[in-house]
>>> print(open('coords24.cif').read())   # mmCIF, C-alpha atoms
data_my_file
loop_
_atom_site.label_atom_id
_atom_site.label_comp_id
_atom_site.auth_asym_id
_atom_site.auth_seq_id
_atom_site.Cartn_x
_atom_site.Cartn_y
_atom_site.Cartn_z
CA MET A 8 -25.49 16.01 35.99
CA THR A 9 -25.68 13.26 33.37
CA GLN A 10 -22.50 11.69 32.04
CA ALA A 11 -23.19 13.02 28.52
CA LYS A 12 -23.72 16.55 29.83
CA GLY A 13 -20.57 16.32 31.92
CA ILE A 14 -18.52 15.29 28.88
CA GLU A 15 -20.01 18.09 26.77
CA GLU A 16 -19.30 20.73 29.42
CA ARG A 17 -15.75 19.41 29.76
CA ARG A 18 -15.27 19.71 25.99
CA ILE A 19 -16.55 23.29 26.12
CA ASP A 20 -13.99 24.02 28.81
CA GLU A 21 -11.26 22.40 26.70
CA HIS A 22 -12.14 24.53 23.67
CA SER A 23 -12.22 27.77 25.63
CA GLY A 24 -9.22 26.94 27.80
CA ARG A 25 -11.28 27.28 31.01
CA ILE A 26 -9.78 24.40 32.97
CA GLU A 27 -8.98 24.93 36.64
CA GLY A 28 -8.05 22.76 39.57
CA LYS A 29 -7.47 19.66 37.45
CA LYS A 30 -4.67 17.12 37.14
CA ILE A 31 -3.27 16.88 33.61
CA ALA A 32 -0.99 14.00 32.59
CA VAL A 33 1.34 14.72 29.66
CA TRP A 34 2.81 11.54 28.18
CA PHE A 35 6.35 12.28 27.01
CA SER A 36 7.83 9.74 24.59
CA CYS A 37 11.28 11.34 24.16
CA GLY A 38 10.15 12.77 20.83
CA ALA A 39 9.96 16.38 19.66
CA ALA A 40 6.15 16.51 19.46
CA SER A 41 5.52 15.28 22.99
CA ALA A 42 8.20 17.66 24.31
CA VAL A 43 6.45 20.65 22.73
CA ALA A 44 3.08 19.30 23.91
CA ALA A 45 4.41 19.33 27.47
CA TYR A 46 5.72 22.87 27.07
CA GLU A 47 2.42 24.14 25.64
CA THR A 48 0.39 22.37 28.33
CA ILE A 49 2.41 23.99 31.10
CA ARG A 50 2.22 27.39 29.38
CA ARG A 51 -1.52 27.21 28.78
CA TYR A 52 -2.79 25.29 31.80
CA GLY A 53 0.01 25.18 34.35
CA GLY A 54 -1.00 28.18 36.41
CA ALA A 55 -4.42 26.88 37.46
CA ASN A 56 -3.84 23.13 37.24
CA GLU A 57 -1.44 20.41 38.29
CA VAL A 58 0.54 19.32 35.22
CA ARG A 59 2.49 16.05 35.46
CA VAL A 60 4.89 14.95 32.70
CA ILE A 61 5.46 11.20 32.52
CA ASN A 62 7.75 8.95 30.49
CA ASN A 63 7.66 5.18 29.96
CA PRO A 64 11.33 4.10 29.77
CA VAL A 65 12.27 1.30 27.38
CA ARG A 66 15.75 -0.19 27.47
CA GLU A 67 15.98 -0.63 23.69
CA GLU A 68 15.61 3.08 22.94
CA ASP A 69 18.75 4.93 21.91
CA SER A 70 20.73 6.08 24.95
CA ASP A 71 20.64 9.69 23.73
CA ASN A 72 16.89 9.73 24.42
CA GLN A 73 17.68 10.03 28.11
CA ARG A 74 19.95 13.01 27.44
CA PHE A 75 17.06 14.60 25.54
CA LEU A 76 14.72 13.82 28.45
CA ARG A 77 17.04 15.62 30.88
CA ASP A 78 17.35 18.64 28.56
CA VAL A 79 13.57 18.84 28.12
CA SER A 80 13.05 18.52 31.87
CA ALA A 81 15.34 21.53 32.42
CA TRP A 82 13.52 23.47 29.67
CA LEU A 83 10.13 22.71 31.20
CA GLY A 84 11.32 23.48 34.70
CA CYS A 85 9.76 20.32 36.09
CA GLU A 86 10.57 16.71 36.79
CA ILE A 87 9.71 14.13 34.14
CA GLU A 88 8.39 11.15 36.07
CA ARG A 89 8.80 7.49 35.20
CA ALA A 90 5.83 5.18 34.81
CA ILE A 91 6.80 1.52 34.64
CA ASN A 92 5.06 -1.83 34.68
CA ASP A 93 6.00 -3.33 38.03
CA VAL A 94 5.96 -6.83 36.52
CA ILE A 95 8.68 -6.06 33.93
CA ALA A 96 11.65 -5.07 36.07
CA THR A 97 14.05 -4.70 33.12
CA ASP A 98 11.89 -2.30 31.08
CA SER A 99 13.05 -4.35 28.10
CA ALA A 100 11.05 -4.98 24.93
CA VAL A 101 13.33 -7.90 24.09
CA ASP A 102 12.47 -9.54 27.40
CA VAL A 103 8.74 -9.00 26.75
CA TRP A 104 8.98 -10.68 23.33
CA GLU A 105 10.88 -13.59 24.84
CA ARG A 106 8.37 -14.06 27.66
CA ARG A 107 5.38 -13.84 25.36
CA SER A 108 6.92 -15.71 22.40
CA TYR A 109 5.31 -13.02 20.27
CA MET A 110 6.76 -9.87 18.72
CA ALA A 111 4.17 -8.21 16.47
CA GLY A 112 1.25 -8.94 14.20
CA ILE A 113 -2.48 -8.33 13.91
CA LYS A 114 -2.71 -8.14 17.71
CA GLY A 115 -0.20 -5.29 17.81
CA ALA A 116 3.06 -5.47 19.75
CA PRO A 117 3.27 -6.83 23.32
CA CYS A 118 6.07 -4.40 24.17
CA THR A 119 3.61 -1.53 23.81
CA TYR A 120 1.02 -3.28 25.95
CA GLU A 121 3.42 -4.34 28.72
CA LEU A 122 5.83 -1.39 28.87
CA LYS A 123 3.54 1.47 27.88
CA LYS A 124 -0.13 0.68 28.32
CA LYS A 125 0.06 -1.36 31.52
CA ALA A 126 2.49 1.16 32.99
CA ARG A 127 0.09 3.97 32.09
CA ILE A 128 -2.85 2.14 33.66
CA GLN A 129 -0.91 1.56 36.87
CA TRP A 130 0.02 5.26 37.01
CA GLU A 131 -3.58 6.32 36.31
CA ARG A 132 -4.95 4.13 39.08
CA GLU A 133 -2.63 5.73 41.59
CA HIS A 134 -2.81 9.37 40.46
CA LEU A 135 -6.29 9.69 38.86
CA PRO A 136 -5.64 12.36 36.18
CA ASP A 137 -8.54 14.40 34.85
CA PHE A 138 -7.02 14.95 31.40
CA HIS A 139 -4.34 13.47 29.16
CA VAL A 140 -2.07 15.19 26.63
CA LEU A 141 -0.27 13.33 23.85
CA GLY A 142 1.87 14.52 20.96
CA PHE A 143 -0.90 14.62 18.35
CA THR A 144 0.22 17.23 15.81
CA SER A 145 -1.85 19.24 13.34
CA GLU A 146 -1.43 16.49 10.72
CA GLU A 147 -3.06 14.02 13.09
CA ARG A 148 -6.53 15.46 13.61
CA GLN A 149 -8.17 12.25 12.42
CA ARG A 150 -6.02 10.15 14.69
CA HIS A 151 -6.95 12.35 17.65
CA ALA A 152 -10.65 12.15 16.76
CA ARG A 153 -10.49 8.38 16.42
CA PHE A 154 -8.60 8.07 19.66
CA THR A 155 -11.13 10.12 21.63
CA LEU A 156 -13.89 7.84 20.36
CA THR A 157 -12.15 4.53 21.03
CA GLU A 158 -9.78 5.02 23.97
CA ARG A 159 -10.13 8.23 26.00
CA ASP A 160 -12.46 11.21 25.62
CA ASN A 161 -10.48 13.38 28.03
CA VAL A 162 -7.52 14.21 25.77
CA LEU A 163 -6.55 17.85 25.34
CA PRO A 164 -5.51 18.51 21.69
CA VAL A 165 -2.81 20.96 22.71
CA LEU A 166 -0.68 20.82 19.55
CA ILE A 167 -3.69 20.68 17.25
CA ASP A 168 -5.20 23.76 18.91
CA ALA A 169 -1.88 25.56 18.49
CA GLY A 170 -1.69 24.49 14.82
CA TYR A 171 1.72 22.88 15.33
CA SER A 172 2.96 20.34 12.79
CA LYS A 173 5.73 17.85 13.46
CA ALA A 174 8.11 20.17 11.58
CA ASP A 175 7.03 23.04 13.85
CA CYS A 176 7.90 20.92 16.87
CA PHE A 177 11.38 20.23 15.51
CA ARG A 178 11.85 23.97 14.96
CA ILE A 179 10.63 24.92 18.44
CA ILE A 180 12.93 22.44 20.12
CA THR A 181 15.90 23.62 18.06
CA GLU A 182 15.14 27.29 18.76
CA ALA A 183 15.04 26.46 22.48
CA GLY A 184 18.67 25.36 22.16
CA ILE A 185 17.94 21.68 22.70
CA LEU A 186 19.63 19.11 20.51
CA LEU A 187 17.08 16.70 19.06
CA PRO A 188 17.45 13.00 19.90
CA ALA A 189 20.29 11.46 17.92
CA VAL A 190 18.00 8.95 16.20
CA TYR A 191 16.50 11.73 14.07
CA SER A 192 19.90 12.66 12.63
CA ARG A 193 20.48 8.98 11.86
CA GLY A 194 17.53 8.97 9.48
CA TYR A 195 14.76 7.58 11.68
CA PRO A 196 11.32 9.29 11.54
CA ASN A 197 10.76 9.19 15.32
CA ALA A 198 12.47 8.50 18.63
CA ASN A 199 11.29 4.91 19.04
CA CYS A 200 13.43 1.91 19.81
CA ILE A 201 15.77 1.17 16.94
CA GLY A 202 14.44 -1.98 15.31
CA CYS A 203 10.78 -1.24 16.15
CA VAL A 204 8.85 -4.45 15.52
CA LYS A 205 5.69 -2.58 14.52
CA ALA A 206 7.42 -1.37 11.36
CA THR A 207 6.86 -3.59 8.32
CA SER A 208 8.52 -1.52 5.57
CA PRO A 209 11.58 -2.95 3.77
CA SER A 210 12.95 0.62 3.70
CA TYR A 211 12.89 0.77 7.48
CA TRP A 212 14.44 -2.61 8.10
CA ASN A 213 17.18 -2.16 5.53
CA HIS A 214 17.96 1.18 7.14
CA VAL A 215 18.29 -0.59 10.49
CA ARG A 216 20.51 -3.22 8.85
CA LYS A 217 22.83 -0.47 7.56
CA ASP A 218 22.73 1.85 10.59
CA SER A 219 22.67 -0.70 13.42
CA PRO A 220 23.66 -4.11 12.03
CA HIS A 221 23.88 -5.66 15.50
CA VAL A 222 20.27 -4.67 16.23
CA PHE A 223 19.12 -6.04 12.88
CA ALA A 224 20.93 -9.33 13.61
CA GLU A 225 19.35 -9.56 17.07
CA ARG A 226 15.86 -8.92 15.71
CA ALA A 227 16.40 -11.38 12.85
CA GLU A 228 17.56 -14.13 15.22
CA GLN A 229 14.81 -13.63 17.80
CA SER A 230 12.02 -13.23 15.25
CA ARG A 231 13.09 -16.35 13.35
CA ARG A 232 13.24 -18.34 16.59
CA ILE A 233 9.83 -17.05 17.74
CA GLY A 234 8.31 -17.34 14.28
CA ALA A 235 7.51 -13.65 13.75
CA ARG A 236 7.54 -12.42 10.15
CA LEU A 237 8.18 -8.73 10.76
CA VAL A 238 8.63 -7.31 7.27
CA ARG A 239 6.25 -7.11 4.33
CA HIS A 240 7.81 -7.62 0.89
CA LYS A 241 5.99 -8.03 -2.42
CA GLY A 242 2.66 -8.38 -0.69
CA LYS A 243 3.54 -10.97 1.93
CA ARG A 244 5.16 -11.18 5.34
CA ILE A 245 8.66 -12.62 5.46
CA PHE A 246 11.40 -13.11 8.04
CA LEU A 247 14.04 -10.41 8.37
CA ASP A 248 16.79 -12.78 7.29
CA GLU A 249 14.88 -13.29 4.02
CA LEU A 250 14.77 -9.57 3.19
CA PRO A 251 16.82 -8.63 0.11
CA ARG A 252 19.26 -5.82 0.84
CA GLU A 253 18.03 -3.83 -2.15
CA ALA A 254 14.32 -4.08 -1.21
CA LYS A 255 12.48 -0.79 -0.75
CA GLY A 256 9.06 0.18 0.56
CA ARG A 257 7.56 3.44 1.73
CA PRO A 258 10.06 6.28 2.23
CA MET A 259 11.27 6.55 5.82
CA LYS A 260 9.93 10.09 6.28
CA THR A 261 6.33 9.00 5.56
CA MET A 262 6.25 6.26 8.19
CA SER A 263 3.70 6.67 10.96
CA VAL A 264 4.97 4.07 13.42
CA GLU A 265 5.50 5.89 16.68
CA CYS A 266 5.71 4.19 20.03
CA GLY A 267 3.69 5.91 22.71
CA ILE A 268 1.28 4.69 25.34
CA PHE A 269 -1.47 4.59 22.73
CA CYS A 270 0.59 3.73 19.65
CA GLU A 271 -1.89 1.06 18.60
CA GLU A 272 -3.69 4.08 17.11
CA LYS A 273 -0.88 4.36 14.57
CA GLU A 274 -1.17 2.56 11.25
CA GLU A 275 1.52 0.12 10.20
CA ALA A 276 4.37 1.43 8.07
#
>>> encode(input="coords24.cif", output="structure tokens")
Amino acid sequence: MTQAKGIEERRIDEHSGRIEGKKIAVWFSCGAASAVAAYETIRRYGGANEVRVINNPVREEDSDNQRFLRDVSAWLGCEIERAINDVIATDSAVDVWERRSYMAGIKGAPCTYELKKKARIQWEREHLPDFHVLGFTSEERQRHARFTLTERDNVLPVLIDAGYSKADCFRIITEAGILLPAVYSRGYPNANCIGCVKATSPSYWNHVRKDSPHVFAERAEQSRRIGARLVRHKGKRIFLDELPREAKGRPMKTMSVECGIFCEEKEEA
């Protein structure tokens, strides 16, 4: 069988749901979409396949994310495994930025590469999954299509096939009796680290300054010392400590910065 034919037959199986005897890795980011993606994967494929749910822990995420992880694990009826980069013992984005003297820019963010992507690669090498599942929702068909062309062609579009939007995922989690991660109720559009360095919007950073002033101060100090201009204001990059308190950018709810193992596929906010 040629490689092209093998890929095509696999895609036919994906579309029809005829997948058996495979290992499916669901990458859970402590967000609503990836939680529902895990649930749907187990419901649709769990009987005939081995489904593994994996999380990349990051120390700078809100502590309530781990409560959400435990609640989702109980809902799924399975363990949520940890995949970590063996080189970064602290699982800390701050430590990565300090070691690399780089926080974010045109090359992306090193925290994603070190704590998510390298950890994922290490896990893949050991466990050899046949398919991946990520929290691509129905609004993200183009992102999924781009991702399958540039990164992995063995991604099951579980939420897209189900027609689930991000709002649907919030509803499903709530109806299951699970309290969403606290960061959502605090006005953040996703369950990332607070003070995500991939965000460039003045709206986001001024929200962080109001909601978590200590985090804003830490990011401002480290980014100034490293030389990272994290925020875009009036068409140019500036340091956080230069950001006017009244500055606004894109509304928080429209931001597409989400930190997963492949979050380089997200556009900047």
>>> residues_near_point(input="coords24.cif", point="(9.8, -9.4, 23.7)", cutoff="12 Å", atoms="only C-alpha atoms", output="number ranges by chain")
A: 65-67, 95, 97-111, 116-122, 203-204, 225-226, 229-230, 232-233, 235
>>> atom_distance(input="coords24.cif", atom1="atom CA of A:Arg77", atom2="atom CA of A:Gly202")
23.6 Å
>>> resolve_selection(input="coords24.cif", expression="the PyMOL selection byres ((chain A and resi 246) around 7)", output="PyMOL selection string")
chain A and resi 231+235-238+245+247-250
>>> atom_distance(input="coords24.cif", atom1="atom CA of A:Arg239", atom2="atom CA of A:Gly142")
27.6 Å
>>> atom_distance(input="coords24.cif", atom1="atom CA of A:Leu166", atom2="atom CA of A:Ala40")
8.1 Å
>>> resolve_selection(input="coords24.cif", expression="the PyMOL selection byres ((chain A and resi 88) around 8)", output="number ranges by chain")
A: 59-62, 86-87, 89-90
>>> resolve_selection(input="coords24.cif", expression="the PyMOL selection byres ((chain A and resi 185-198) around 7)", output="JSON, numbers by chain")
{"A": [37, 38, 71, 72, 75, 78, 180, 181, 183, 184, 199, 200, 259, 260, 262, 265]}
>>> closest_residue(input="coords24.cif", among="A:His214, A:Arg25, A:His139, A:Arg50", to="A:His151", atoms="all atoms listed in the file")
A:His139
>>> residues_around(input="coords24.cif", residues="A:Val215", least_positions_apart="3", cutoff="10 Å", atoms="all atoms listed in the file", output="PDB file with C-alpha atoms, in the frame of the given file")
ATOM      1  CA  ARG A 193      20.480   8.980  11.860  1.00  0.00           C
ATOM      2  CA  GLY A 194      17.530   8.970   9.480  1.00  0.00           C
ATOM      3  CA  TYR A 195      14.760   7.580  11.680  1.00  0.00           C
ATOM      4  CA  ILE A 201      15.770   1.170  16.940  1.00  0.00           C
ATOM      5  CA  GLY A 202      14.440  -1.980  15.310  1.00  0.00           C
ATOM      6  CA  CYS A 203      10.780  -1.240  16.150  1.00  0.00           C
ATOM      7  CA  PRO A 209      11.580  -2.950   3.770  1.00  0.00           C
ATOM      8  CA  SER A 210      12.950   0.620   3.700  1.00  0.00           C
ATOM      9  CA  TYR A 211      12.890   0.770   7.480  1.00  0.00           C
ATOM     10  CA  TRP A 212      14.440  -2.610   8.100  1.00  0.00           C
ATOM     11  CA  ASP A 218      22.730   1.850  10.590  1.00  0.00           C
ATOM     12  CA  SER A 219      22.670  -0.700  13.420  1.00  0.00           C
ATOM     13  CA  PRO A 220      23.660  -4.110  12.030  1.00  0.00           C
ATOM     14  CA  HIS A 221      23.880  -5.660  15.500  1.00  0.00           C
ATOM     15  CA  VAL A 222      20.270  -4.670  16.230  1.00  0.00           C
ATOM     16  CA  PHE A 223      19.120  -6.040  12.880  1.00  0.00           C
ATOM     17  CA  ALA A 224      20.930  -9.330  13.610  1.00  0.00           C
TER      18      ALA A 224
END
>>> closest_residue(input="coords24.cif", among="A:Ile91, A:Ser70, A:Lys29, A:Thr144", to="A:Phe177", atoms="all atoms listed in the file")
A:Thr144
>>> closest_residue(input="coords24.cif", among="A:Glu147, A:Arg51, A:Asp160, A:Lys30", to="A:Ser172", atoms="all atoms listed in the file")
A:Glu147
>>> closest_residue(input="coords24.cif", among="A:Glu158, A:Glu133, A:Glu47, A:Asp175", to="A:Glu146", atoms="only C-alpha atoms")
A:Asp175
>>> decode(input="coords24.cif", residues="stretch 79-92 of chain A", atoms="C-alpha atoms", output="JSON list (two decimals), in the first residue's frame")
[["chain", "number", "residue", "atom", "x", "y", "z"],
["A", 79, "VAL", "CA", -13.43, 16.00, 34.06],
["A", 80, "SER", "CA", -11.45, 12.85, 34.83],
["A", 81, "ALA", "CA", -14.32, 11.61, 37.02],
["A", 82, "TRP", "CA", -16.86, 12.53, 34.31],
["A", 83, "LEU", "CA", -14.87, 10.66, 31.65],
["A", 84, "GLY", "CA", -14.29, 7.68, 33.90],
["A", 85, "CYS", "CA", -10.60, 7.56, 33.04],
["A", 86, "GLU", "CA", -7.27, 8.87, 34.21],
["A", 87, "ILE", "CA", -5.95, 12.06, 32.64],
["A", 88, "GLU", "CA", -2.24, 11.46, 32.18],
["A", 89, "ARG", "CA", 0.54, 14.02, 32.44],
["A", 90, "ALA", "CA", 3.00, 14.61, 29.62],
["A", 91, "ILE", "CA", 5.96, 16.72, 30.66],
["A", 92, "ASN", "CA", 9.28, 17.76, 29.18]]
